[in-house]
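Heads up, coords.pdb below (PDB, C-alpha atoms and all ligand atoms):
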ATOM      1  CA  MET A   7       2.618  38.218  23.712
ATOM      2  CA  THR A   8       4.523  35.003  22.931
ATOM      3  CA  LYS A   9       7.952  34.962  24.527
ATOM      4  CA  THR A  10      10.964  34.181  22.355
ATOM      5  CA  LEU A  11      13.788  31.891  23.345
ATOM      6  CA  GLY A  12      17.049  31.611  21.405
ATOM      7  CA  ILE A  13      19.324  28.578  21.108
ATOM      8  CA  VAL A  14      22.959  28.612  20.081
ATOM      9  CA  THR A  15      25.529  25.809  19.917
ATOM     10  CA  SER A  16      29.050  27.072  20.377
ATOM     11  CA  GLY A  17      32.667  25.863  20.591
ATOM     12  CA  GLY A  18      33.628  22.303  19.663
ATOM     13  CA  ASP A  19      30.675  20.148  18.691
ATOM     14  CA  ALA A  20      29.667  17.223  20.882
ATOM     15  CA  PRO A  21      27.421  14.242  20.127
ATOM     16  CA  GLY A  22      24.046  14.929  21.718
ATOM     17  CA  MET A  23      23.916  18.642  20.851
ATOM     18  CA  ASN A  24      21.118  17.860  18.400
ATOM     19  CA  ALA A  25      19.228  15.922  21.051
ATOM     20  CA  ALA A  26      19.498  19.025  23.248
ATOM     21  CA  ILE A  27      18.296  21.365  20.451
ATOM     22  CA  ARG A  28      15.325  19.079  19.840
ATOM     23  CA  ALA A  29      14.402  18.811  23.503
ATOM     24  CA  VAL A  30      14.789  22.533  24.303
ATOM     25  CA  THR A  31      12.606  23.360  21.293
ATOM     26  CA  ARG A  32       9.869  20.905  22.159
ATOM     27  CA  VAL A  33       9.760  21.665  25.888
ATOM     28  CA  ALA A  34       9.834  25.421  25.198
ATOM     29  CA  TYR A  35       6.988  25.105  22.687
ATOM     30  CA  ALA A  36       4.961  23.145  25.201
ATOM     31  CA  LYS A  37       5.402  26.132  27.555
ATOM     32  CA  GLY A  38       4.269  28.602  24.880
ATOM     33  CA  PHE A  39       7.626  29.961  23.635
ATOM     34  CA  CYS A  40       8.634  30.727  20.090
ATOM     35  CA  VAL A  41      12.166  29.337  19.443
ATOM     36  CA  LEU A  42      14.943  30.748  17.250
ATOM     37  CA  GLY A  43      18.091  28.746  16.502
ATOM     38  CA  PHE A  44      21.114  30.964  15.770
ATOM     39  CA  GLU A  45      23.428  29.634  13.066
ATOM     40  CA  ARG A  46      27.176  28.917  13.373
ATOM     41  CA  GLY A  47      27.618  29.668  17.045
ATOM     42  CA  TRP A  48      28.077  33.281  18.086
ATOM     43  CA  ASP A  49      28.520  34.223  14.439
ATOM     44  CA  GLY A  50      24.755  33.875  13.978
ATOM     45  CA  LEU A  51      24.262  36.505  16.640
ATOM     46  CA  LEU A  52      26.791  38.819  15.013
ATOM     47  CA  THR A  53      25.193  38.497  11.584
ATOM     48  CA  ASN A  54      21.549  38.033  12.593
ATOM     49  CA  GLN A  55      21.324  34.586  11.025
ATOM     50  CA  PHE A  56      18.822  32.248  12.566
ATOM     51  CA  ARG A  57      16.104  29.794  11.730
ATOM     52  CA  LYS A  58      12.789  29.326  13.439
ATOM     53  CA  LEU A  59      12.781  26.003  15.280
ATOM     54  CA  THR A  60       9.514  24.138  15.698
ATOM     55  CA  PRO A  61       8.646  20.767  17.207
ATOM     56  CA  ARG A  62       8.307  19.440  13.644
ATOM     57  CA  ASN A  63      11.513  20.736  12.082
ATOM     58  CA  VAL A  64      13.636  19.364  14.923
ATOM     59  CA  GLY A  65      12.283  15.879  14.193
ATOM     60  CA  GLY A  66      14.666  13.104  13.148
ATOM     61  CA  ILE A  67      17.789  14.643  14.683
ATOM     62  CA  ILE A  68      18.032  12.963  18.087
ATOM     63  CA  GLN A  69      20.321  10.267  16.666
ATOM     64  CA  GLN A  70      22.528  12.631  14.633
ATOM     65  CA  GLY A  71      26.014  13.654  15.727
ATOM     66  CA  GLY A  72      27.240  17.236  15.328
ATOM     67  CA  THR A  73      24.834  20.158  15.476
ATOM     68  CA  ILE A  74      22.233  21.109  12.874
ATOM     69  CA  LEU A  75      22.794  24.756  13.845
ATOM     70  CA  ARG A  76      26.533  24.409  13.063
ATOM     71  CA  THR A  77      29.127  25.805  15.430
ATOM     72  CA  LEU A  78      32.211  27.987  15.397
ATOM     73  CA  ARG A  79      35.029  29.087  17.556
ATOM     74  CA  CYS A  80      34.266  32.764  17.066
ATOM     75  CA  PRO A  81      37.079  35.179  17.898
ATOM     76  CA  GLY A  82      35.029  38.196  16.715
ATOM     77  CA  PHE A  83      32.710  37.679  19.637
ATOM     78  CA  GLU A  84      35.369  38.382  22.211
ATOM     79  CA  ASP A  85      35.770  42.069  21.432
ATOM     80  CA  PRO A  86      33.254  44.434  23.043
ATOM     81  CA  GLY A  87      31.953  45.474  19.601
ATOM     82  CA  GLY A  88      31.018  41.848  18.871
ATOM     83  CA  VAL A  89      29.136  41.415  22.109
ATOM     84  CA  LYS A  90      27.305  44.713  21.491
ATOM     85  CA  ARG A  91      26.248  43.567  18.020
ATOM     86  CA  ALA A  92      25.014  40.245  19.387
ATOM     87  CA  ALA A  93      23.023  42.111  22.042
ATOM     88  CA  GLU A  94      21.409  44.187  19.263
ATOM     89  CA  THR A  95      20.465  41.019  17.374
ATOM     90  CA  LEU A  96      18.760  39.623  20.450
ATOM     91  CA  ALA A  97      16.868  42.890  21.004
ATOM     92  CA  ALA A  98      15.829  43.137  17.338
ATOM     93  CA  ASN A  99      14.302  39.662  17.520
ATOM     94  CA  ASP A 100      12.718  40.125  20.970
ATOM     95  CA  VAL A 101      14.751  37.236  22.376
ATOM     96  CA  GLU A 102      14.225  37.201  26.123
ATOM     97  CA  ALA A 103      16.328  34.188  27.034
ATOM     98  CA  LEU A 104      19.188  32.397  25.327
ATOM     99  CA  VAL A 105      20.135  28.760  25.799
ATOM    100  CA  VAL A 106      23.833  28.246  25.133
ATOM    101  CA  ILE A 107      24.850  24.653  24.432
ATOM    102  CA  GLY A 108      28.621  24.254  24.774
ATOM    103  CA  GLY A 109      31.567  24.265  27.161
ATOM    104  CA  ASP A 110      32.974  26.730  29.676
ATOM    105  CA  GLY A 111      34.342  29.069  26.968
ATOM    106  CA  SER A 112      30.843  29.367  25.514
ATOM    107  CA  PHE A 113      29.487  30.045  28.982
ATOM    108  CA  ARG A 114      31.944  32.921  29.427
ATOM    109  CA  GLY A 115      30.678  34.369  26.144
ATOM    110  CA  ALA A 116      27.114  33.984  27.412
ATOM    111  CA  LEU A 117      27.909  35.922  30.586
ATOM    112  CA  ASP A 118      29.444  38.762  28.596
ATOM    113  CA  LEU A 119      26.448  38.878  26.342
ATOM    114  CA  SER A 120      24.028  38.838  29.235
ATOM    115  CA  SER A 121      25.766  41.749  30.937
ATOM    116  CA  LYS A 122      25.529  43.826  27.723
ATOM    117  CA  SER A 123      22.031  42.809  26.647
ATOM    118  CA  GLY A 124      20.178  42.116  29.869
ATOM    119  CA  VAL A 125      19.040  38.856  28.248
ATOM    120  CA  SER A 126      18.999  35.904  30.612
ATOM    121  CA  THR A 127      21.247  33.050  29.514
ATOM    122  CA  VAL A 128      21.237  29.390  30.475
ATOM    123  CA  GLY A 129      24.195  27.119  29.812
ATOM    124  CA  ILE A 130      23.760  23.458  28.907
ATOM    125  CA  PRO A 131      27.150  21.745  29.246
ATOM    126  CA  ALA A 132      28.075  19.876  26.077
ATOM    127  CA  THR A 133      31.659  18.892  25.358
ATOM    128  CA  ILE A 134      33.489  15.615  24.945
ATOM    129  CA  ASP A 135      36.087  16.893  27.441
ATOM    130  CA  ASN A 136      33.755  16.643  30.471
ATOM    131  CA  ASP A 137      35.665  19.551  31.983
ATOM    132  CA  VAL A 138      32.818  21.851  33.017
ATOM    133  CA  PHE A 139      32.530  22.707  36.701
ATOM    134  CA  GLY A 140      29.262  21.851  38.438
ATOM    135  CA  THR A 141      28.333  18.776  36.448
ATOM    136  CA  ASP A 142      29.480  15.209  36.869
ATOM    137  CA  GLU A 143      28.952  14.693  33.159
ATOM    138  CA  THR A 144      28.628  16.770  30.006
ATOM    139  CA  ILE A 145      26.604  15.920  26.909
ATOM    140  CA  GLY A 146      28.811  14.019  24.457
ATOM    141  CA  PHE A 147      31.294  12.676  26.969
ATOM    142  CA  ASP A 148      29.793   9.197  27.132
ATOM    143  CA  THR A 149      29.705   8.975  23.339
ATOM    144  CA  ALA A 150      33.341  10.036  23.037
ATOM    145  CA  VAL A 151      34.358   7.501  25.694
ATOM    146  CA  ASN A 152      32.572   4.743  23.803
ATOM    147  CA  THR A 153      34.060   5.801  20.461
ATOM    148  CA  ALA A 154      37.579   5.844  21.890
ATOM    149  CA  VAL A 155      37.098   2.533  23.694
ATOM    150  CA  GLY A 156      35.823   0.848  20.523
ATOM    151  CA  THR A 157      38.844   2.035  18.562
ATOM    152  CA  ILE A 158      41.394   1.184  21.240
ATOM    153  CA  ASP A 159      39.945  -2.333  21.580
ATOM    154  CA  LYS A 160      40.813  -2.757  17.902
ATOM    155  CA  ILE A 161      44.272  -1.316  18.443
ATOM    156  CA  ARG A 162      44.815  -3.823  21.249
ATOM    157  CA  ASP A 163      44.162  -6.709  18.862
ATOM    158  CA  THR A 164      47.043  -5.637  16.674
ATOM    159  CA  ALA A 165      49.170  -4.697  19.705
ATOM    160  CA  ILE A 166      48.816  -8.259  21.010
ATOM    161  CA  SER A 167      49.487  -9.860  17.621
ATOM    162  CA  HIS A 168      52.694  -7.870  17.124
ATOM    163  CA  GLU A 169      53.658  -7.632  20.792
ATOM    164  CA  ARG A 170      53.874  -3.873  20.462
ATOM    165  CA  VAL A 171      53.310  -0.998  22.823
ATOM    166  CA  PHE A 172      50.829   1.569  21.553
ATOM    167  CA  ILE A 173      50.631   5.094  22.831
ATOM    168  CA  VAL A 174      47.109   6.262  22.059
ATOM    169  CA  GLU A 175      46.407   9.959  22.260
ATOM    170  CA  VAL A 176      42.872  10.980  23.166
ATOM    171  CA  MET A 177      41.398  14.480  23.217
ATOM    172  CA  GLY A 178      40.380  16.421  26.305
ATOM    173  CA  ARG A 179      42.129  19.750  25.751
ATOM    174  CA  LYS A 180      44.040  20.579  28.971
ATOM    175  CA  ARG A 181      42.241  18.042  31.141
ATOM    176  CA  GLY A 182      42.380  14.283  31.614
ATOM    177  CA  PHE A 183      38.741  13.281  32.197
ATOM    178  CA  LEU A 184      38.367  11.572  28.824
ATOM    179  CA  ALA A 185      41.746   9.816  28.988
ATOM    180  CA  LEU A 186      41.120   8.579  32.505
ATOM    181  CA  GLU A 187      37.742   7.014  31.823
ATOM    182  CA  VAL A 188      38.823   5.601  28.477
ATOM    183  CA  GLY A 189      42.027   4.237  30.013
ATOM    184  CA  ILE A 190      40.139   2.371  32.715
ATOM    185  CA  CYS A 191      37.644   0.977  30.206
ATOM    186  CA  VAL A 192      40.309  -0.389  27.858
ATOM    187  CA  GLY A 193      42.463  -1.753  30.680
ATOM    188  CA  ALA A 194      45.343   0.551  29.764
ATOM    189  CA  GLU A 195      48.683  -0.404  31.257
ATOM    190  CA  VAL A 196      49.458   3.292  31.762
ATOM    191  CA  ILE A 197      47.271   6.408  31.756
ATOM    192  CA  LEU A 198      48.939   9.793  31.369
ATOM    193  CA  ILE A 199      46.950  12.901  32.226
ATOM    194  CA  PRO A 200      47.996  16.519  32.779
ATOM    195  CA  GLU A 201      46.717  16.543  36.354
ATOM    196  CA  LYS A 202      49.105  13.826  37.560
ATOM    197  CA  PRO A 203      52.879  14.225  37.299
ATOM    198  CA  TRP A 204      54.621  11.364  35.485
ATOM    199  CA  SER A 205      58.061  10.636  34.105
ATOM    200  CA  LEU A 206      59.406   8.709  31.147
ATOM    201  CA  ASP A 207      61.449   6.512  33.522
ATOM    202  CA  GLN A 208      58.309   5.548  35.373
ATOM    203  CA  VAL A 209      56.473   4.616  32.173
ATOM    204  CA  ILE A 210      59.425   2.579  30.898
ATOM    205  CA  ARG A 211      59.737   0.796  34.245
ATOM    206  CA  ILE A 212      56.067  -0.259  34.128
ATOM    207  CA  MET A 213      56.409  -1.531  30.578
ATOM    208  CA  GLU A 214      59.607  -3.434  31.454
ATOM    209  CA  GLU A 215      57.974  -5.030  34.493
ATOM    210  CA  ASN A 216      55.112  -6.098  32.256
ATOM    211  CA  ASN A 217      57.603  -7.547  29.797
ATOM    212  CA  GLN A 218      59.166  -9.624  32.541
ATOM    213  CA  LYS A 219      55.711 -10.914  33.480
ATOM    214  CA  GLY A 220      55.278 -12.050  29.870
ATOM    215  CA  LYS A 221      52.988  -9.177  28.998
ATOM    216  CA  ARG A 222      54.704  -7.830  25.940
ATOM    217  CA  ALA A 223      51.893  -5.815  24.395
ATOM    218  CA  GLY A 224      50.599  -2.703  26.046
ATOM    219  CA  ILE A 225      48.360   0.310  25.720
ATOM    220  CA  ILE A 226      49.329   3.698  27.069
ATOM    221  CA  VAL A 227      46.409   6.096  26.970
ATOM    222  CA  ALA A 228      47.697   9.664  26.918
ATOM    223  CA  ALA A 229      45.614  12.819  27.163
ATOM    224  CA  GLU A 230      46.481  15.364  24.474
ATOM    225  CA  GLY A 231      47.104  17.855  27.287
ATOM    226  CA  ILE A 232      50.266  16.123  28.523
ATOM    227  CA  GLY A 233      52.399  17.700  25.801
ATOM    228  CA  ASP A 234      54.394  16.475  22.822
ATOM    229  CA  ILE A 235      53.212  12.923  22.237
ATOM    230  CA  ASN A 236      55.527  12.389  19.240
ATOM    231  CA  LEU A 237      58.506  13.147  21.439
ATOM    232  CA  LEU A 238      57.230  10.734  24.069
ATOM    233  CA  ALA A 239      56.915   7.961  21.464
ATOM    234  CA  LYS A 240      60.394   8.704  20.131
ATOM    235  CA  GLU A 241      61.985   8.764  23.562
ATOM    236  CA  MET A 242      60.249   5.566  24.572
ATOM    237  CA  GLN A 243      61.361   3.816  21.421
ATOM    238  CA  GLY A 244      64.935   4.867  22.142
ATOM    239  CA  GLN A 245      64.915   3.512  25.661
ATOM    240  CA  THR A 246      62.983   0.258  25.475
ATOM    241  CA  GLU A 247      63.232  -2.975  23.552
ATOM    242  CA  SER A 248      59.523  -2.976  22.823
ATOM    243  CA  GLU A 249      58.320  -1.803  19.450
ATOM    244  CA  VAL A 250      56.472   1.449  20.125
ATOM    245  CA  ARG A 251      53.734   2.850  17.912
ATOM    246  CA  LEU A 252      51.699   6.028  18.224
ATOM    247  CA  SER A 253      48.049   6.369  17.326
ATOM    248  CA  THR A 254      46.137   9.644  17.594
ATOM    249  CA  LEU A 255      42.378   9.163  17.723
ATOM    250  CA  GLY A 256      41.646  12.774  16.783
ATOM    251  CA  TYR A 257      38.335  14.198  15.640
ATOM    252  CA  ALA A 258      36.568  10.851  15.268
ATOM    253  CA  GLN A 259      36.032  11.178  19.018
ATOM    254  CA  ARG A 260      33.822  14.210  18.448
ATOM    255  CA  GLY A 261      31.573  12.728  15.810
ATOM    256  CA  GLY A 262      29.089   9.927  15.447
ATOM    257  CA  SER A 263      25.643   9.127  16.674
ATOM    258  CA  PRO A 264      25.210   9.987  20.376
ATOM    259  CA  THR A 265      24.879   7.089  22.796
ATOM    260  CA  ALA A 266      21.595   6.572  24.621
ATOM    261  CA  ARG A 267      23.271   8.095  27.670
ATOM    262  CA  SER A 268      24.238  11.322  25.832
ATOM    263  CA  ARG A 269      20.715  11.628  24.384
ATOM    264  CA  PHE A 270      19.110  11.041  27.777
ATOM    265  CA  LEU A 271      21.301  13.617  29.503
ATOM    266  CA  ALA A 272      20.618  16.125  26.706
ATOM    267  CA  SER A 273      16.866  15.631  27.109
ATOM    268  CA  LEU A 274      16.932  16.086  30.891
ATOM    269  CA  PHE A 275      19.281  19.085  30.758
ATOM    270  CA  ALA A 276      17.006  20.706  28.173
ATOM    271  CA  GLU A 277      13.916  20.298  30.327
ATOM    272  CA  LYS A 278      15.720  21.868  33.288
ATOM    273  CA  ALA A 279      17.004  24.756  31.149
ATOM    274  CA  VAL A 280      13.475  25.686  30.086
ATOM    275  CA  GLU A 281      12.261  25.343  33.678
ATOM    276  CA  VAL A 282      14.970  27.768  34.831
ATOM    277  CA  ILE A 283      13.886  30.258  32.149
ATOM    278  CA  CYS A 284      10.215  29.918  33.110
ATOM    279  CA  ASN A 285      11.182  30.636  36.737
ATOM    280  CA  ASP A 286      12.928  33.846  35.591
ATOM    281  CA  GLU A 287      16.240  32.652  37.018
ATOM    282  CA  ASN A 288      19.081  34.594  35.454
ATOM    283  CA  ASN A 289      22.392  33.204  34.176
ATOM    284  CA  LYS A 290      22.301  29.611  35.318
ATOM    285  CA  ALA A 291      24.075  26.489  34.136
ATOM    286  CA  ILE A 292      22.507  23.077  34.188
ATOM    287  CA  GLY A 293      24.365  20.128  35.655
ATOM    288  CA  LEU A 294      24.191  16.557  36.875
ATOM    289  CA  GLN A 295      25.228  16.200  40.498
ATOM    290  CA  ASP A 296      24.993  12.872  42.332
ATOM    291  CA  GLY A 297      22.350  11.625  39.918
ATOM    292  CA  LYS A 298      20.176  14.745  40.106
ATOM    293  CA  ILE A 299      19.658  17.432  37.479
ATOM    294  CA  VAL A 300      20.452  20.793  39.090
ATOM    295  CA  SER A 301      21.061  24.416  38.213
ATOM    296  CA  LEU A 302      23.994  26.481  39.463
ATOM    297  CA  PRO A 303      25.324  29.993  38.844
ATOM    298  CA  LEU A 304      26.602  30.234  35.278
ATOM    299  CA  ILE A 305      29.640  32.142  36.508
ATOM    300  CA  ASP A 306      30.725  29.107  38.554
ATOM    301  CA  ALA A 307      30.368  26.742  35.597
ATOM    302  CA  ALA A 308      32.221  29.252  33.406
ATOM    303  CA  THR A 309      35.156  29.954  35.677
ATOM    304  CA  LYS A 310      35.700  27.336  38.389
ATOM    305  CA  ARG A 311      37.997  24.373  37.930
ATOM    306  CA  LYS A 312      36.433  20.932  38.074
ATOM    307  CA  ASP A 313      38.230  18.395  40.256
ATOM    308  CA  ILE A 314      39.397  15.115  38.810
ATOM    309  CA  ASP A 315      39.459  11.967  40.922
ATOM    310  CA  LEU A 316      43.141  11.030  40.989
ATOM    311  CA  GLN A 317      42.360   7.870  42.950
ATOM    312  CA  LEU A 318      41.125   6.506  39.645
ATOM    313  CA  VAL A 319      44.684   6.605  38.294
ATOM    314  CA  ASN A 320      45.766   4.361  41.170
ATOM    315  CA  LEU A 321      42.834   2.051  40.529
ATOM    316  CA  ALA A 322      43.783   1.874  36.845
ATOM    317  CA  GLY A 323      47.302   0.860  37.882
ATOM    318  CA  ILE A 324      45.995  -1.977  40.052
ATOM    319  CA  LEU A 325      43.576  -3.153  37.383
ATOM    320  CA  ALA A 326      46.325  -3.311  34.779
ATOM    321  CA  THR A 327      48.662  -5.603  36.736
TER     322      THR A 327
HETATM  323  O1  LIG A 401      36.767  20.840  23.344
HETATM  324  C1  LIG A 401      36.621  19.760  22.487
HETATM  325  C2  LIG A 401      37.883  19.505  21.738
HETATM  326  O2  LIG A 401      37.662  18.441  20.832
HETATM  327  C3  LIG A 401      39.122  19.239  22.589
HETATM  328  O3  LIG A 401      39.156  17.925  23.088
HETATM  329  C4  LIG A 401      40.218  19.567  21.614
HETATM  330  O4  LIG A 401      41.403  19.930  22.289
HETATM  331  C5  LIG A 401      39.646  20.743  20.877
HETATM  332  O5  LIG A 401      38.244  20.646  20.976
HETATM  333  C6  LIG A 401      40.020  20.841  19.422
HETATM  334  O6  LIG A 401      39.543  22.055  18.975
HETATM  335  P1  LIG A 401      39.360  22.495  17.451
HETATM  336  O7  LIG A 401      38.055  21.921  16.983
HETATM  337  O8  LIG A 401      39.295  23.974  17.526
HETATM  338  O9  LIG A 401      40.519  21.939  16.702
END
Translate this structure into structure tokens?
Ligand code: F6P
Amino acid sequence: MTKTLGIVTSGGDAPGMNAAIRAVTRVAYAKGFCVLGFERGWDGLLTNQFRKLTPRNVGGIIQQGGTILRTLRCPGFEDPGGVKRAAETLAANDVEALVVIGGDGSFRGALDLSSKSGVSTVGIPATIDNDVFGTDETIGFDTAVNTAVGTIDKIRDTAISHERVFIVEVMGRKRGFLALEVGICVGAEVILIPEKPWSLDQVIRIMEENNQKGKRAGIIVAAEGIGDINLLAKEMQGQTESEVRLSTLGYAQRGGSPTARSRFLASLFAEKAVEVICNDENNKAIGLQDGKIVSLPLIDAATKRKDIDLQLVNLAGILAT
């Protein structure tokens, strides 16, 4: 009998999710699976809504941002009744393995579901935050970095013309991976991330030193996780002679056509996910570690905290002198 594999995209969307859907479908078909794509994240499993995915109907999506399956943050899934209903959906459709494309929250949902349904789950890390343990990079991160860098380069043009200081808020939830990489790539004068303590005095001192060096414009890249950015802008404006402006990049960082890098990673992660399923390995996450595609226990990817390289903040400081 043909085995059935399910795919679900869950949590915040990330550019490259479609590339992953396409690649999982095509690799799984090549191995003899039938593939079902559940609609709107976990909601599709609660309401038994899915579409059959085939190598042909996943054509033409590799370059599209978002997810053709749609996604949701689905509170209903967290209660035991929700997980039980999802398990029934999987059983009713003979789904033997489920590929979950999303972040650590989605992986925790997958573990719950697996314990109730006995269905093996595989997590493919996809989030612009790059905050999933066990992988050096998540699908979508590179695209979000490039989107933010492109926008901040434009902001720098106007910052220079007006000799203004711009605080630019980037996403990343509670972590600073996105802000750190973006900050280095735009040559930010200051990078503020939740993982590294900072003070207003310190930021003002750096900007004043720059002023004395004749560098009157500046970019401060701030992760959304550092707290109230409006207050920071207000306080800075009150304590410095520079004109301070705030720009929040927002959801544009999550959209757009995935970069070649995000597509490539999605394709390789997908191949590994199907391999893990074919080997009957239960509850694994896929990751990139030191240039190699690996699998690791899903529970680790779902619950462990990923380290951030704080040396990069020091490097950014040196590069911005
Ligand atoms: O996890 C991706 C992300 O874009 C975070 O960077 C951000 O904090 C969050 O999602 C926003 O979530 P929502 O789409 O629920 O507003």
Take the PyMOL selection byres (((chain A and resi 147) around 10) and not hetatm), run it mentally on this structure, and tell me the resulting residues as a ChimeraX atom specification.
/A:20-22,132-137,143-146,148-153,178,183-184,187,259-260,264-265,267-268
Can you list what the PyMOL selection byres (((chain A and resi 289) around 6) and not hetatm) grabs from this structure, as number ranges by chain?
A: 126-128, 288, 290, 304
Name the residues that the PyMOL selection byres (((chain A and resi 92-106) around 9) and not hetatm) picks from the file above, as a PyMOL selection string, using the file's chain letters and numbers.
chain A and resi 9-16+30+41-42+48-54+83+87-91+107-109+112-113+116+119-120+122-131+276+279-280+283+288
Distance criterion (all atoms listed in the file): nearest to ligand LIG 401 (chain A) out of A:Ile166, A:Met177, A:Ala307, A:Val250
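Counting all atoms listed in the file, the residue closest to ligand LIG 401 (chain A) is A:Met177.
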Give me the residues within 12 Å of region 233-241 of chain A as a PyMOL selection string, counting all atoms listed in the file and dropping any in the same chain fewer than 4 places off.
chain A and resi 171-177+179-181+198-200+204-207+209-210+226-229+245-254
For Leu321 (chain A), list every protein, DNA or RNA residue within 12 Å, evaluated using all atoms listed in the file, and leave out those in the same chain fewer than 3 positions away; present the list as a PyMOL selection string.
chain A and resi 186-187+189-191+193-197+315-318+324-327
Choose the residue, out of A:Gly156, A:Gly47, A:Gly231, A:Pro303, that has the smallest atom-to-atom separation from ligand LIG 401 (chain A); count all atoms listed in the file.
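Closest to ligand LIG 401 (chain A) of all the choices is A:Gly231.
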Taking into account all atoms listed in the file, which residue in the set A:Asp19, A:Glu45, A:Ile292, A:Ser121 is nearest to Thr73 (chain A)?
A:Asp19
From the set A:Ile74, A:Lys160, A:Ala185, A:Met23, which residue has the shortest atom-to-atom contact distance to Ala322 (chain A), counting all atoms listed in the file?
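Nearest candidate to Ala322 (chain A) out of A:Ile74, A:Lys160, A:Ala185, A:Met23: A:Ala185.
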Name all residues at most 10 Å from Lys58 (chain A) (count all atoms listed in the file; drop same-chain ones fewer than 2 positions away) and give them as a list in words.
Gly12, Thr31, Cys40, Val41, Leu42, Gly43, Phe44, Phe56, Thr60 and Asn63 of chain A
Centre, edges in Å (one decimal): axis-aligned box, ligand LIG 401 (chain A), 6 Å padding on all six sides, as JSON:
{"center_x": 39.0, "center_y": 20.9, "center_z": 20.0, "size_x": 16.8, "size_y": 18.0, "size_z": 18.6}
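Between ligand LIG 401 (chain A) and the candidates A:Asp110, A:Asp163, A:Glu169, A:Glu277, the tightest atom-to-atom separation, counting only C-alpha atoms and all ligand atoms, involves A:Asp110.
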Which of these, A:Arg79, A:Lys37, A:Lys202, A:Arg28, has the shortest distance to ligand LIG 401 (chain A) once you count only C-alpha atoms and all ligand atoms?
A:Arg79
Straight-line distance linking CA of Glu230 (chain A) with atom O7 of ligand LIG 401 (chain A), stated in Å to one decimal:
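About the pair CA of Glu230 (chain A) and atom O7 of ligand LIG 401 (chain A): they are 13.0 Å apart.
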Can you find the residues with an atom no farther than 6 Å from (22.3, 14.7, 14.8), counting all atoms listed in the file, and report them as JSON, numbers by chain?
{"A": [24, 67, 68, 69, 70, 71, 72]}
Could you rebuild region 297-301 of chain A with all heavy atoms and give me the result as a compact mmCIF listing (two decimals), in the coordinates of the input?
# COMPACT_ATOMS: atom_id res chain seq x y z
N GLY A 297 23.55 12.24 40.52
CA GLY A 297 22.35 11.62 39.92
C GLY A 297 21.16 12.56 39.78
O GLY A 297 20.12 12.16 39.27
N LYS A 298 21.31 13.80 40.21
CA LYS A 298 20.18 14.74 40.11
C LYS A 298 20.50 15.87 39.12
O LYS A 298 21.62 16.35 39.07
CB LYS A 298 19.89 15.37 41.47
CG LYS A 298 19.37 14.39 42.49
CD LYS A 298 18.59 15.12 43.59
CE LYS A 298 17.82 14.16 44.46
NZ LYS A 298 18.67 13.10 45.04
N ILE A 299 19.48 16.29 38.39
CA ILE A 299 19.66 17.43 37.48
C ILE A 299 19.47 18.71 38.30
O ILE A 299 18.44 18.88 38.97
CB ILE A 299 18.62 17.39 36.33
CG1 ILE A 299 18.64 16.04 35.61
CG2 ILE A 299 18.86 18.54 35.35
CD1 ILE A 299 19.91 15.71 34.86
N VAL A 300 20.46 19.59 38.25
CA VAL A 300 20.45 20.79 39.09
C VAL A 300 20.76 22.02 38.23
O VAL A 300 21.19 21.90 37.09
CB VAL A 300 21.53 20.70 40.21
CG1 VAL A 300 21.27 19.51 41.13
CG2 VAL A 300 22.94 20.62 39.60
N SER A 301 20.56 23.19 38.84
CA SER A 301 21.06 24.42 38.21
C SER A 301 22.02 25.08 39.19
O SER A 301 21.91 24.90 40.41
CB SER A 301 19.91 25.36 37.84
OG SER A 301 19.27 25.81 39.00
